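Asker: Shown below is the structure under consideration.
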Amino acid sequence: MSSASVLYDVPGPKAILRNRALGVAVVVIVVALLAFIIYRLFATGQFTYEKWQAFTYPYVWSQIGLAVLRTLGAFAVAAVGSLAFGFLLAYARLSSNKLVRLPAAAVTEVLRAVPVLVMMMLLYYGFGSIQGISMSSFAAVVIALVVYNGSVLAEVFRAGVESLPKGQAEAGYSIGMRASQVMNLILMPQAIRSMLPVIIAQLVVALKDTALGFIITYNELLYYVRFLMSQETLGRPIIPAVIVGGTIYIILCALLSWFATWVQKRTSRSPKVKVAETHHPGNPGDQTTTQLMAQQDAPEELQRHIDKNAPPRTGGHGF
Amino acid sequence: MGVITDNLDIWIPALLGTLRIFFFGLIIALVLGFIVGAMRVSPVPIARVMGSAYVNFVRNTPLTLMFFIFAFAVPPLIGYNNREVLGILAIGLYTATYVAETVRSGINTVPVGQAEAARAVGMSFGQVMTHIVLPQAGRSVIPPMMSVIIAFLKNTTVAAGFSIINLGMMRSYMSERGENMMVVLLWVAAIFVVLVFILGAIQNFLEKKLKVAR
């Protein structure tokens with residue numbers, strides 16, 4: 001934790017006492033809060049067998065499993081789709097042709113400004129209200145996620161490309177590469193590498209946003225949790241169902257975040273990245289939005305790496 | 001335009017509902033976010049652990065689930081059932097984790113040498129923070145904080161899934177009145193595009209104004 005030790009000296013005897021007192025105060029507050037919650041859980045009989053009996057049936061668990069698969073299915077399709085759509089928009093926005101660049105910029109900005117839920121409703125209810133066009137809830141969830149996360153990712157890719165030193169593209173042109181070759185072989189691979197933590201953080205967002213699907217009746221995990229908690233014969237297990245569903249979501253997202261850390265560690269070990277960094281020291285004081293967004297989303301180990309890369313701001317606001 | 005002018009009695013409360021969630025949720029998110037962010041850089045190890053536990057826990061939870069917990073699980077526990085207040089708490093607690101991370105990374109952007117130099121000339125911890133670190137951190141925090149706020153504005157629509165009155169609810173209200181849902185939803189989207197662009201313009205302005213040549 002080099003970041004934390006910057007602000008204060010190694011504590012002396014007085015400071016140690018004060019820190020201990022503060023630590024005790026924090027623990028007391030948190031324990032009191034947790035104790036109150038657990039007391040209320042007991043007092044309202046949430047730990048009785050009747051409330052949890054739903055989770056003794058294998059059938060319920062198999063249904064939960066299927067619901068998780070539907071969540072993951074929507075996520076997988078949306079992740080692949082938004083990466084593809086993101087590339088498409090980024091290429092268009094980086095094009096040298098004005099007729100391609102300007103519409104792409106407008107589309108990206110507008111799509112990024114519409115809330116994902118409104119987009120889902122537009123696709124599901126809006127198109128559904130037009131005769132002849134109807135969309136399954138799965139398609140609505142996936143398309144909305146692709147459109148939104150794709151436009152956020154497009155900005156991430158673009159920021160990655162624009163943060164590269166000019167010499168990279170110039171060197172490509174000087175050995176006779178075409179613009180598309182320069183982009184595909186030189187700029188994009190470097191941009192993706194430096195933006196990887198941000199890209200995966202955005203995919204975690206996509207995974208979390210699949211949960212919005214239950215509002216437009218896509219029967220994913222949260223939809224099934226809602227169904228379970230309304231079952232009279234199972235004793236309306238509201239809180240047990242929320243605990244089980246919440247745990248599954250947290251595990252899924254934590255796995256993906258952990259994967260982000262792992263990928264980052266692997267790529268930062270690669271000698272290619274080291275070379276790229278020495279060529280591009282960046283400006284240590286010029287903190288940008290992208291960096292900060294990346295830092296927020298990236299685990300602590302990544303941050304020193306991101307600091308060095310210093311890509312320009314994307315104005316990204318995607319969570 | 002007819003969809004809006006004929007049904008102003010619903011559009012206005014819905015817009016006010018969105019603004020209420022936005023305003024009060026933002027207060028909770030900023031206050032709690034600053035406290036948790038401060039905990040995460042504090043010299044008290046247990047506070048750092050608690051802070052990061054909260055952030056990692058809530059940030060790996062979908063916002064929909066947060067609303068779910070506050071709409072369905074909390075009322076039977078505490079015997080309080082005002083959907084809007086509980087919804088504001090849900091989105092406030094969720095956004096607070098993003099505010100906390102923004103604050104923390106803002107403080108981390110101040111170069112080590114700054115705090116070290118301040119300590120070397122004999123400043124106390126309070127002086128280091130108020131004179132050296134926070135003024136510099138504040139500048140680099142504001143643009144990304146605006147991004148958090150913009151995302152938060154868009155997230156207020158999730159409240160629609162839990163019958164809290166806001167713009168996201170317009171579809172169900174308007175379909176009861178037999179309006180074309182496509183038109184209604186396009187208007188809702190347009191309102192959000194305008195609101196987001198306004199916030200984005202403020203962000204750009206602040207970013208230019210606060211840019212420092214370091």
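Note on naming: chains are A, B, ... as they come in the structure tokens, residues start from 1 per chain, ligands start from 1 in the order shown.
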Would you please extract all helix (DSSP H, G or I) residues from region 30-240 of chain A, as assigned by DSSP on the backbone, and give them as a ChimeraX atom specification?
Answerer: /A:30-43,49-56,58-93,98-113,116-128,137-162,166-174,179-216,221-229,238-240
Asker: Set the distance at 9 Å and use only C-alpha atoms: which residues neighbour Ile4 (chain B) once local chain neighbours fewer than 6 positions away are removed? I'd like the list as a PDB file with C-alpha atoms, in the first residue's frame.
Answerer:
ATOM      1  CA  ILE B  10     -48.050  12.794 -15.522  1.00  0.00           C
ATOM      2  CA  TRP B  11     -44.895  14.022 -17.250  1.00  0.00           C
ATOM      3  CA  VAL B 184     -43.382   7.974 -25.306  1.00  0.00           C
ATOM      4  CA  TRP B 187     -39.367  11.250 -25.697  1.00  0.00           C
TER       5      TRP B 187
END
Asker: Which residues of chain B are close to chain A, meaning at most 6 Å apart when you count only C-alpha atoms, and how do they look as a PyMOL selection string?
Answerer: chain B and resi 41+44+46+60-62+73+77+101+108+112+144+147+151+154+161+181-182+185+189+193+196+214
Asker: Could the residues in this selection be saved with C-alpha atoms as a short mmCIF file (atom, residue, chain, number, x, y, z; two decimals), in the first residue's frame?
Answerer:
data_model
loop_
_atom_site.label_atom_id
_atom_site.label_comp_id
_atom_site.auth_asym_id
_atom_site.auth_seq_id
_atom_site.Cartn_x
_atom_site.Cartn_y
_atom_site.Cartn_z
CA VAL B 41 -6.68 6.16 2.66
CA VAL B 44 -6.31 3.11 10.60
CA ILE B 46 -9.28 -1.65 10.19
CA ASN B 60 -20.03 -6.43 -7.53
CA THR B 61 -23.78 -6.20 -6.90
CA PRO B 62 -26.08 -5.14 -9.74
CA ALA B 73 -36.14 -7.43 1.85
CA LEU B 77 -37.04 -6.19 8.53
CA GLU B 101 -13.21 5.13 -5.57
CA ASN B 108 -3.57 8.85 -5.13
CA VAL B 112 4.32 11.26 -3.50
CA PRO B 144 -14.39 11.98 -13.24
CA SER B 147 -18.86 11.14 -15.03
CA ALA B 151 -23.98 7.66 -14.85
CA LYS B 154 -29.04 7.49 -16.04
CA GLY B 161 -38.86 -1.48 -11.99
CA MET B 181 -45.32 3.50 -26.35
CA MET B 182 -42.67 3.97 -29.02
CA LEU B 185 -40.12 6.08 -24.91
CA ALA B 189 -34.76 8.93 -24.23
CA VAL B 193 -29.97 12.83 -23.88
CA VAL B 196 -26.78 14.14 -19.99
CA ARG B 214 1.97 20.73 -13.92
#
Asker: Rounded to one decimal in Å, what is the spacing between CA of Arg104 (chain B) and CA of Val133 (chain B)?
Answerer: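 Interatomic distance here is 11.7 Å.
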Asker: Restricting the calculation to only C-alpha atoms: of B:Phe72, B:Phe57, B:Phe192, B:Phe34, which residue gets closest to Phe162 (chain B)?
Answerer: B:Phe72
Asker: For CA of Arg158 (chain A) and CA of Thr108 (chain A), quote the distance in Å rounded to one decimal.
Answerer: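 The value is 11.5 Å.
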